[in-house]
$ cat coords_8.txt   # compact mmCIF, C-alpha atoms
# COMPACT_ATOMS: atom_id res chain seq x y z
CA ASP A 1 82.91 127.97 95.67
CA THR A 2 85.25 125.53 97.33
CA ARG A 3 88.71 127.04 97.71
CA MET A 4 91.78 125.15 96.55
CA LEU A 5 95.25 125.34 98.07
CA ASP A 6 97.02 123.52 95.24
CA GLY A 7 100.52 124.77 94.53
CA ALA A 8 103.54 123.89 92.46
CA GLU A 9 104.35 120.19 92.43
CA ASN A 10 107.06 119.22 94.89
CA ALA A 11 107.11 122.74 96.38
CA GLU A 12 109.96 123.31 98.81
CA ASP A 13 109.01 123.50 102.46
CA ASP A 14 110.12 127.13 102.82
CA ASP A 15 106.63 128.67 102.68
CA ASP A 16 107.45 130.49 99.44
CA ASP A 17 104.20 129.14 97.97
CA VAL A 18 102.12 130.87 100.67
CA GLU A 19 100.86 133.96 98.88
CA LEU A 20 98.67 135.32 101.69
CA ASP A 21 98.55 134.49 105.38
CA LEU A 22 94.93 133.64 106.24
CA PRO A 23 93.38 134.02 109.72
CA LYS A 24 93.97 130.83 111.74
CA ARG A 25 90.47 129.43 112.09
CA SER A 26 90.48 126.05 110.33
CA VAL A 27 91.12 122.45 111.34
CA LEU A 28 93.32 120.50 108.93
CA VAL A 29 92.68 116.76 108.57
CA THR A 30 95.48 114.71 107.03
CA ASN A 31 94.66 111.80 104.71
CA ALA A 32 91.06 112.97 104.35
CA ASP A 33 90.67 110.55 101.44
CA GLY A 34 91.34 107.64 103.82
CA GLU A 35 88.66 105.94 105.91
CA LEU A 36 89.48 107.49 109.28
CA GLY A 37 90.41 110.89 107.82
CA GLU A 38 87.13 111.04 105.92
CA ALA A 39 85.16 110.12 109.06
CA ILE A 40 86.91 112.86 111.05
CA ALA A 41 86.35 115.45 108.32
CA MET A 42 82.65 114.57 108.13
CA GLN A 43 82.28 114.98 111.91
CA LEU A 44 83.80 118.46 111.67
CA ILE A 45 81.67 119.44 108.69
CA VAL A 46 78.49 118.39 110.52
CA ALA A 47 79.65 120.53 113.48
CA LYS A 48 80.09 123.47 111.05
CA VAL A 49 83.82 123.73 111.74
CA PRO A 50 85.96 125.16 108.89
CA VAL A 51 87.88 122.15 107.56
CA VAL A 52 90.94 121.81 105.34
CA CYS A 53 91.08 118.29 103.88
CA VAL A 54 94.49 117.06 102.71
CA VAL A 55 93.89 114.81 99.69
CA GLU A 56 95.86 113.46 96.77
CA ASN A 57 93.28 114.59 94.23
CA THR A 58 91.40 117.81 95.02
CA ALA A 59 88.77 117.17 92.32
CA GLN A 60 87.91 113.84 93.90
CA GLY A 61 87.90 115.52 97.32
CA GLU A 62 85.36 118.05 96.11
CA GLY A 63 83.23 115.21 94.81
CA ARG A 64 83.37 113.54 98.21
CA PHE A 65 82.82 116.54 100.50
CA GLY A 66 81.19 119.08 98.16
CA PRO A 67 81.43 122.79 98.98
CA TYR A 68 81.69 122.17 102.72
CA ALA A 69 85.49 121.94 102.95
CA THR A 70 88.67 123.51 101.65
CA PHE A 71 91.19 121.19 100.00
CA ALA A 72 94.98 121.08 100.19
CA SER A 73 96.90 118.87 97.80
CA THR A 74 99.55 116.51 99.12
CA LYS A 75 101.79 118.03 96.41
CA THR A 76 102.00 121.38 98.20
CA SER A 77 104.55 122.11 100.89
CA PRO A 78 103.56 121.49 104.52
CA GLY A 79 103.72 125.22 105.17
CA ALA A 80 101.21 125.94 102.41
CA ARG A 81 98.82 123.25 103.63
CA LEU A 82 98.79 124.92 107.04
CA ASN A 83 97.85 128.38 105.82
CA GLY A 84 94.93 129.59 107.95
CA VAL A 85 95.03 126.43 110.10
CA ARG A 86 94.66 126.62 113.89
CA SER A 87 94.53 122.88 114.72
CA VAL A 88 95.54 119.64 113.00
CA VAL A 89 94.25 116.07 113.23
CA VAL A 90 96.86 113.56 112.02
CA SER A 91 95.26 110.30 110.88
CA GLU A 92 98.16 108.97 108.80
CA ASP A 93 101.96 108.77 108.81
CA VAL A 94 103.51 112.02 109.99
CA SER A 95 106.83 113.55 108.95
CA GLU A 96 109.25 115.68 110.93
CA ASP A 97 109.01 118.35 108.21
CA PHE A 98 105.26 118.58 108.65
CA LEU A 99 105.51 118.91 112.43
CA ARG A 100 108.22 121.55 112.13
CA ALA A 101 105.89 123.42 109.78
CA CYS A 102 103.11 123.20 112.40
CA ALA A 103 105.34 125.02 114.89
CA ARG A 104 106.60 127.51 112.31
CA ARG A 105 103.16 128.36 110.99
CA GLY A 106 101.67 128.90 114.45
CA VAL A 107 99.43 125.84 114.74
CA LYS A 108 98.02 125.76 118.27
CA HIS A 109 97.05 122.09 118.70
CA VAL A 110 97.89 118.74 117.10
CA VAL A 111 95.69 115.68 117.64
CA LEU A 112 97.59 112.52 116.70
CA VAL A 113 96.09 109.05 116.27
CA SER A 114 99.02 107.02 117.53
CA ALA A 115 98.48 103.55 116.06
CA THR A 116 95.59 101.17 115.54
CA LYS A 117 94.71 97.69 114.51
CA ASN A 118 91.53 96.40 112.90
CA SER A 119 89.05 93.81 114.04
CA SER A 120 87.47 93.61 110.59
CA ALA A 121 89.08 92.05 107.53
CA GLY A 122 87.37 94.71 105.45
CA LEU A 123 89.61 97.46 106.83
CA ALA A 124 93.27 97.79 105.94
CA ALA A 125 95.74 98.07 108.83
CA MET A 126 96.69 101.68 109.44
CA PHE A 127 100.01 101.73 111.25
CA SER A 128 102.54 99.30 112.65
CA ALA A 129 103.25 99.48 116.35
CA SER A 130 106.72 99.68 117.84
CA LYS A 131 108.18 96.27 118.67
CA GLY A 132 106.90 95.01 122.01
CA ASP A 133 103.99 97.48 122.12
CA LYS A 134 100.33 96.81 121.72
CA VAL A 135 99.20 97.91 118.29
CA ARG A 136 97.36 101.01 119.47
CA ARG A 137 100.65 102.79 120.27
CA ASP A 138 103.51 103.90 118.01
CA ARG A 139 106.32 105.39 120.08
CA THR A 140 108.12 106.85 117.06
CA ARG A 141 105.08 108.82 115.89
CA GLU A 142 104.39 110.02 119.42
CA ALA A 143 107.99 111.15 119.95
CA LEU A 144 107.89 113.12 116.70
CA ALA A 145 104.68 114.84 117.74
CA ARG A 146 106.01 115.71 121.19
CA SER A 147 109.19 117.18 119.68
CA CYS A 148 107.38 119.86 117.67
CA GLY A 149 106.64 121.98 120.76
CA VAL A 150 102.96 122.41 119.88
CA ALA A 151 100.24 121.37 122.35
CA THR A 152 99.61 117.73 121.43
CA THR A 153 96.85 115.23 122.16
CA VAL A 154 97.76 111.59 121.50
CA VAL A 155 94.81 109.24 120.97
CA ARG A 156 95.74 105.57 121.36
CA ALA A 157 92.84 103.74 119.79
CA SER A 158 91.90 100.13 120.30
CA ALA A 159 90.99 97.91 117.34
CA ILE A 160 88.69 99.62 114.85
CA ARG A 161 85.33 98.12 113.96
CA ALA A 162 83.38 99.06 110.85
CA SER A 163 79.97 99.01 112.58
CA ARG A 164 78.03 102.23 113.23
CA GLY A 165 78.96 104.42 116.17
CA GLY A 166 76.81 105.70 119.00
CA ALA A 167 75.54 102.32 120.17
CA ARG A 168 78.07 101.81 122.97
CA ASP A 169 79.64 103.96 125.65
CA ILE A 170 83.03 105.54 124.95
CA MET A 171 85.75 104.95 127.53
CA PHE A 172 89.06 106.75 128.19
CA GLU A 173 91.97 105.16 130.06
CA GLN A 174 95.58 105.98 130.86
CA GLY A 175 98.54 103.86 131.90
CA ASP A 176 98.31 101.20 129.19
CA THR A 177 95.63 99.30 131.10
CA MET A 178 93.31 98.54 128.19
CA ALA A 179 92.52 94.90 127.42
CA SER A 180 94.15 93.55 124.26
CA ASP A 181 90.76 92.63 122.77
CA ALA A 182 89.24 96.11 123.24
CA SER A 183 87.76 97.81 120.18
CA ILE A 184 86.03 100.98 119.01
CA THR A 185 83.95 101.85 115.96
CA MET A 186 85.37 104.10 113.25
CA GLU A 187 82.63 106.68 113.86
CA ASP A 188 83.25 106.76 117.61
CA LEU A 189 87.02 107.12 117.12
CA ALA A 190 86.41 110.00 114.71
CA GLU A 191 84.22 111.71 117.31
CA VAL A 192 86.87 111.21 120.00
CA CYS A 193 89.38 112.99 117.74
CA THR A 194 87.04 115.89 117.04
CA ARG A 195 86.09 116.26 120.70
CA ALA A 196 89.78 116.25 121.63
CA LEU A 197 90.16 119.44 119.60
CA THR A 198 88.03 121.24 122.21
CA LYS A 199 90.28 120.18 125.11
CA PRO A 200 93.87 121.08 124.15
CA PRO A 201 96.61 120.75 126.78
CA PRO A 202 98.74 123.82 127.60
CA ALA A 203 101.21 124.93 124.93
CA GLY A 204 104.20 122.60 124.68
CA GLN A 205 102.56 119.82 126.72
CA THR A 206 101.05 116.47 125.75
CA LEU A 207 97.82 114.74 126.73
CA ALA A 208 97.85 111.02 125.91
CA PHE A 209 95.07 108.52 126.50
CA GLU A 210 93.59 105.25 125.27
CA THR A 211 90.03 104.93 124.03
CA ARG A 212 87.62 102.06 123.48
CA ASN A 213 83.93 101.26 123.43
CA GLY A 214 82.26 100.14 126.64
CA GLY A 215 78.87 98.57 127.21
CA VAL A 216 75.76 99.00 125.08
CA ARG A 217 73.95 102.26 125.80
CA SER A 218 70.46 101.93 127.20
CA SER A 219 67.62 103.35 125.14
CA GLY A 220 67.10 106.20 127.60
CA ALA A 221 70.77 107.12 127.95
CA GLY A 222 71.67 110.71 127.17
CA ALA A 223 74.56 112.03 125.14
CA CYS A 224 78.11 111.08 126.02
CA ASP A 225 79.49 113.14 128.91
CA TRP A 226 82.61 114.40 127.17
CA ALA A 227 83.46 116.92 129.89
CA SER A 228 83.72 114.15 132.49
CA LEU A 229 85.74 111.91 130.18
CA PHE A 230 88.38 114.56 129.60
CA ALA A 231 88.33 115.82 133.20
CA GLN A 232 89.61 112.44 134.46
CA LEU A 233 92.76 112.59 132.32
CA ASP A 234 96.21 113.67 133.52
CA ILE A 235 98.55 115.68 131.28
CA ALA A 236 101.99 114.15 130.98

$ encode --input "coords_8.txt" --output "structure tokens"
Amino acid sequence: DTRMLDGAENAEDDDDDVELDLPKRSVLVTNADGELGEAIAMQLIVAKVPVVCVVENTAQGEGRFGPYATFASTKTSPGARLNGVRSVVVSEDVSEDFLRACARRGVKHVVLVSATKNSSAGLAAMFSASKGDKVRRDRTREALARSCGVATTVVRASAIRASRGGARDIMFEQGDTMASDASITMEDLAEVCTRALTKPPPAGQTLAFETRNGGVRSSGAGACDWASLFAQLDIA
């Protein structure tokens, strides 16, 4: 049966609601009941990775993901949500308390979606960028993530499109060189986040990059060369 990590409402972030320390094998996805969080969780489930989905309503989460995930309520403390978690993908607003809990609970890697904008009216805007920045970057969120001391990957996504993924190449860039009209599909962004989990920077360091879709893949093109994409990146 699907395990639940629900605890007392408004539990204090002192880990008192952690009854048993589990082996650190899972990936926790924040806001798994949101569009991007759900897409990331589904990518991990398909890859047979143990997933902890943070949701507001665990019953609805079970209806969405079935027995293939573990669920943590947003009402539990950050420390309790991270029980048995090795890596975290942050797809929503992030708090200092949560990031402190990541360090305290021994999380090895945090993947942070910095900030995005949408190129489809059917998708709600996710985050607001810092003044003067392009929308794909939020300096406040990035600074919080860097301050936790955990190995951190920052994904600066271009505008999100609702169309299916896999039809176009995926591109990585650094140095804020991406065109303002660049975009990426929700599915492709979710895969970038899951692939980033396999390439963590050294402990205490940060890898930051921008991602977008490139040209249309030819019918005979093979799978995306993820090793080459990550090999070209420099760790800050």

$ closest_residue --input "coords_8.txt" --among "A:Ala203, A:Val94, A:Cys224, A:Cys53" --to "Lys108 in chain A" --atoms "all atoms listed in the file"
A:Ala203

$ residues_around --input "coords_8.txt" --residues "Arg168 in chain A" --least-positions-apart "4" --cutoff "12 Å" --atoms "all atoms listed in the file" --output "list in words"
Ser163, Arg164, Ser183, Ile184, Thr185, Glu187, Asp188, Leu189, Arg212, Asn213, Gly214, Gly215, Val216, Arg217, Ser218, Ser219, Ala221, Gly222, Ala223 and Cys224 of chain A

$ residues_around --input "coords_8.txt" --residues "Val192 in chain A" --least-positions-apart "2" --cutoff "12 Å" --atoms "only C-alpha atoms" --output "MDAnalysis selection string"
chainID A and resid 36 39:40 43:44 89 111:113 153:157 165:166 169:172 184:190 194:199 209:213 224:227 229:230

$ closest_residue --input "coords_8.txt" --among "A:Ala145, A:Ala151, A:Ile45, A:Val51" --to "Arg25 in chain A" --atoms "all atoms listed in the file"
A:Val51

$ closest_residue --input "coords_8.txt" --among "A:Leu207, A:Leu22, A:Val54, A:Ala47" --to "Gly84 in chain A" --atoms "only C-alpha atoms"
A:Leu22

$ closest_residue --input "coords_8.txt" --among "A:Ala208, A:Leu144, A:Met178, A:Ile235" --to "Cys193 in chain A" --atoms "only C-alpha atoms"
A:Ala208

$ atom_distance --input "coords_8.txt" --atom1 "CA of Ser95 in chain A" --atom2 "CA of Arg141 in chain A"
8.6 Å

$ atom_distance --input "coords_8.txt" --atom1 "CA of Arg139 in chain A" --atom2 "CA of Ala101 in chain A"
20.8 Å

$ closest_residue --input "coords_8.txt" --among "A:Thr206, A:Ser114, A:Gln174, A:Asn57" --to "Ser147 in chain A" --atoms "all atoms listed in the file"
A:Thr206

$ closest_residue --input "coords_8.txt" --among "A:Phe65, A:Gly149, A:Leu233, A:Ile160" --to "Glu173 in chain A" --atoms "all atoms listed in the file"
A:Leu233

$ atom_distance --input "coords_8.txt" --atom1 "CA of Val55 in chain A" --atom2 "CA of Glu96 in chain A"
19.1 Å

$ residues_around --input "coords_8.txt" --residues "Val52 in chain A" --least-positions-apart "5" --cutoff "6 Å" --atoms "all atoms listed in the file" --output "list in words"
Leu28, Ala69, Thr70 and Phe71 of chain A

$ build_atoms --input "coords_8.txt" --residues "range 203-214 of chain A" --atoms "all heavy atoms" --output "PDB file, in the coordinates of the input"
ATOM      1  N   ALA A 203     100.207 124.878 125.986  1.00  0.00           N
ATOM      2  CA  ALA A 203     101.210 124.930 124.930  1.00  0.00           C
ATOM      3  C   ALA A 203     102.472 124.182 125.342  1.00  0.00           C
ATOM      4  O   ALA A 203     102.961 124.327 126.461  1.00  0.00           O
ATOM      5  CB  ALA A 203     101.548 126.381 124.603  1.00  0.00           C
ATOM      6  N   GLY A 204     102.978 123.345 124.437  1.00  0.00           N
ATOM      7  CA  GLY A 204     104.200 122.600 124.680  1.00  0.00           C
ATOM      8  C   GLY A 204     104.025 121.336 125.487  1.00  0.00           C
ATOM      9  O   GLY A 204     104.999 120.613 125.713  1.00  0.00           O
ATOM     10  N   GLN A 205     102.804 121.020 125.929  1.00  0.00           N
ATOM     11  CA  GLN A 205     102.560 119.820 126.720  1.00  0.00           C
ATOM     12  C   GLN A 205     101.751 118.795 125.919  1.00  0.00           C
ATOM     13  O   GLN A 205     101.185 119.106 124.868  1.00  0.00           O
ATOM     14  CB  GLN A 205     101.844 120.182 128.024  1.00  0.00           C
ATOM     15  CG  GLN A 205     102.663 121.085 128.929  1.00  0.00           C
ATOM     16  CD  GLN A 205     102.042 121.255 130.300  1.00  0.00           C
ATOM     17  OE1 GLN A 205     101.511 120.303 130.881  1.00  0.00           O
ATOM     18  NE2 GLN A 205     102.107 122.466 130.836  1.00  0.00           N
ATOM     19  N   THR A 206     101.705 117.573 126.448  1.00  0.00           N
ATOM     20  CA  THR A 206     101.050 116.470 125.750  1.00  0.00           C
ATOM     21  C   THR A 206     100.029 115.784 126.645  1.00  0.00           C
ATOM     22  O   THR A 206     100.315 115.489 127.806  1.00  0.00           O
ATOM     23  CB  THR A 206     102.088 115.424 125.282  1.00  0.00           C
ATOM     24  OG1 THR A 206     103.018 116.042 124.388  1.00  0.00           O
ATOM     25  CG2 THR A 206     101.402 114.262 124.566  1.00  0.00           C
ATOM     26  N   LEU A 207      98.859 115.545 126.086  1.00  0.00           N
ATOM     27  CA  LEU A 207      97.820 114.740 126.730  1.00  0.00           C
ATOM     28  C   LEU A 207      97.686 113.448 125.946  1.00  0.00           C
ATOM     29  O   LEU A 207      97.393 113.480 124.747  1.00  0.00           O
ATOM     30  CB  LEU A 207      96.491 115.487 126.744  1.00  0.00           C
ATOM     31  CG  LEU A 207      95.259 114.696 127.222  1.00  0.00           C
ATOM     32  CD1 LEU A 207      95.414 114.306 128.684  1.00  0.00           C
ATOM     33  CD2 LEU A 207      93.984 115.496 127.002  1.00  0.00           C
ATOM     34  N   ALA A 208      97.933 112.323 126.585  1.00  0.00           N
ATOM     35  CA  ALA A 208      97.850 111.020 125.910  1.00  0.00           C
ATOM     36  C   ALA A 208      96.863 110.128 126.648  1.00  0.00           C
ATOM     37  O   ALA A 208      96.862 110.067 127.878  1.00  0.00           O
ATOM     38  CB  ALA A 208      99.226 110.363 125.853  1.00  0.00           C
ATOM     39  N   PHE A 209      96.037 109.428 125.887  1.00  0.00           N
ATOM     40  CA  PHE A 209      95.070 108.520 126.500  1.00  0.00           C
ATOM     41  C   PHE A 209      94.669 107.429 125.521  1.00  0.00           C
ATOM     42  O   PHE A 209      94.874 107.553 124.313  1.00  0.00           O
ATOM     43  CB  PHE A 209      93.839 109.272 127.004  1.00  0.00           C
ATOM     44  CG  PHE A 209      93.037 109.945 125.919  1.00  0.00           C
ATOM     45  CD1 PHE A 209      91.967 109.308 125.303  1.00  0.00           C
ATOM     46  CD2 PHE A 209      93.351 111.239 125.515  1.00  0.00           C
ATOM     47  CE1 PHE A 209      91.228 109.927 124.322  1.00  0.00           C
ATOM     48  CE2 PHE A 209      92.615 111.875 124.526  1.00  0.00           C
ATOM     49  CZ  PHE A 209      91.547 111.226 123.928  1.00  0.00           C
ATOM     50  N   GLU A 210      94.110 106.362 126.072  1.00  0.00           N
ATOM     51  CA  GLU A 210      93.590 105.250 125.270  1.00  0.00           C
ATOM     52  C   GLU A 210      92.073 105.336 125.225  1.00  0.00           C
ATOM     53  O   GLU A 210      91.451 105.830 126.169  1.00  0.00           O
ATOM     54  CB  GLU A 210      94.031 103.920 125.884  1.00  0.00           C
ATOM     55  CG  GLU A 210      95.541 103.740 125.931  1.00  0.00           C
ATOM     56  CD  GLU A 210      96.045 103.317 127.307  1.00  0.00           C
ATOM     57  OE1 GLU A 210      95.279 102.676 128.046  1.00  0.00           O
ATOM     58  OE2 GLU A 210      97.190 103.663 127.635  1.00  0.00           O
ATOM     59  N   THR A 211      91.484 104.872 124.137  1.00  0.00           N
ATOM     60  CA  THR A 211      90.030 104.930 124.030  1.00  0.00           C
ATOM     61  C   THR A 211      89.481 103.640 123.443  1.00  0.00           C
ATOM     62  O   THR A 211      90.120 102.994 122.606  1.00  0.00           O
ATOM     63  CB  THR A 211      89.594 106.139 123.171  1.00  0.00           C
ATOM     64  OG1 THR A 211      88.164 106.235 123.165  1.00  0.00           O
ATOM     65  CG2 THR A 211      90.097 106.027 121.728  1.00  0.00           C
ATOM     66  N   ARG A 212      88.300 103.282 123.925  1.00  0.00           N
ATOM     67  CA  ARG A 212      87.620 102.060 123.480  1.00  0.00           C
ATOM     68  C   ARG A 212      86.135 102.236 123.684  1.00  0.00           C
ATOM     69  O   ARG A 212      85.678 103.170 124.357  1.00  0.00           O
ATOM     70  CB  ARG A 212      88.106 100.851 124.266  1.00  0.00           C
ATOM     71  CG  ARG A 212      87.783 100.943 125.761  1.00  0.00           C
ATOM     72  CD  ARG A 212      88.199  99.687 126.507  1.00  0.00           C
ATOM     73  NE  ARG A 212      88.010  99.803 127.955  1.00  0.00           N
ATOM     74  CZ  ARG A 212      86.859  99.572 128.592  1.00  0.00           C
ATOM     75  NH1 ARG A 212      85.771  99.206 127.899  1.00  0.00           N
ATOM     76  NH2 ARG A 212      86.781  99.691 129.904  1.00  0.00           N
ATOM     77  N   ASN A 213      85.363 101.311 123.135  1.00  0.00           N
ATOM     78  CA  ASN A 213      83.930 101.260 123.430  1.00  0.00           C
ATOM     79  C   ASN A 213      83.698 100.451 124.699  1.00  0.00           C
ATOM     80  O   ASN A 213      84.416  99.492 124.993  1.00  0.00           O
ATOM     81  CB  ASN A 213      83.162 100.605 122.290  1.00  0.00           C
ATOM     82  CG  ASN A 213      82.878 101.561 121.143  1.00  0.00           C
ATOM     83  OD1 ASN A 213      83.043 101.222 119.987  1.00  0.00           O
ATOM     84  ND2 ASN A 213      82.424 102.769 121.458  1.00  0.00           N
ATOM     85  N   GLY A 214      82.671 100.872 125.455  1.00  0.00           N
ATOM     86  CA  GLY A 214      82.260 100.140 126.640  1.00  0.00           C
ATOM     87  C   GLY A 214      80.996  99.356 126.366  1.00  0.00           C
ATOM     88  O   GLY A 214      80.808  98.802 125.282  1.00  0.00           O
TER      89      GLY A 214
END
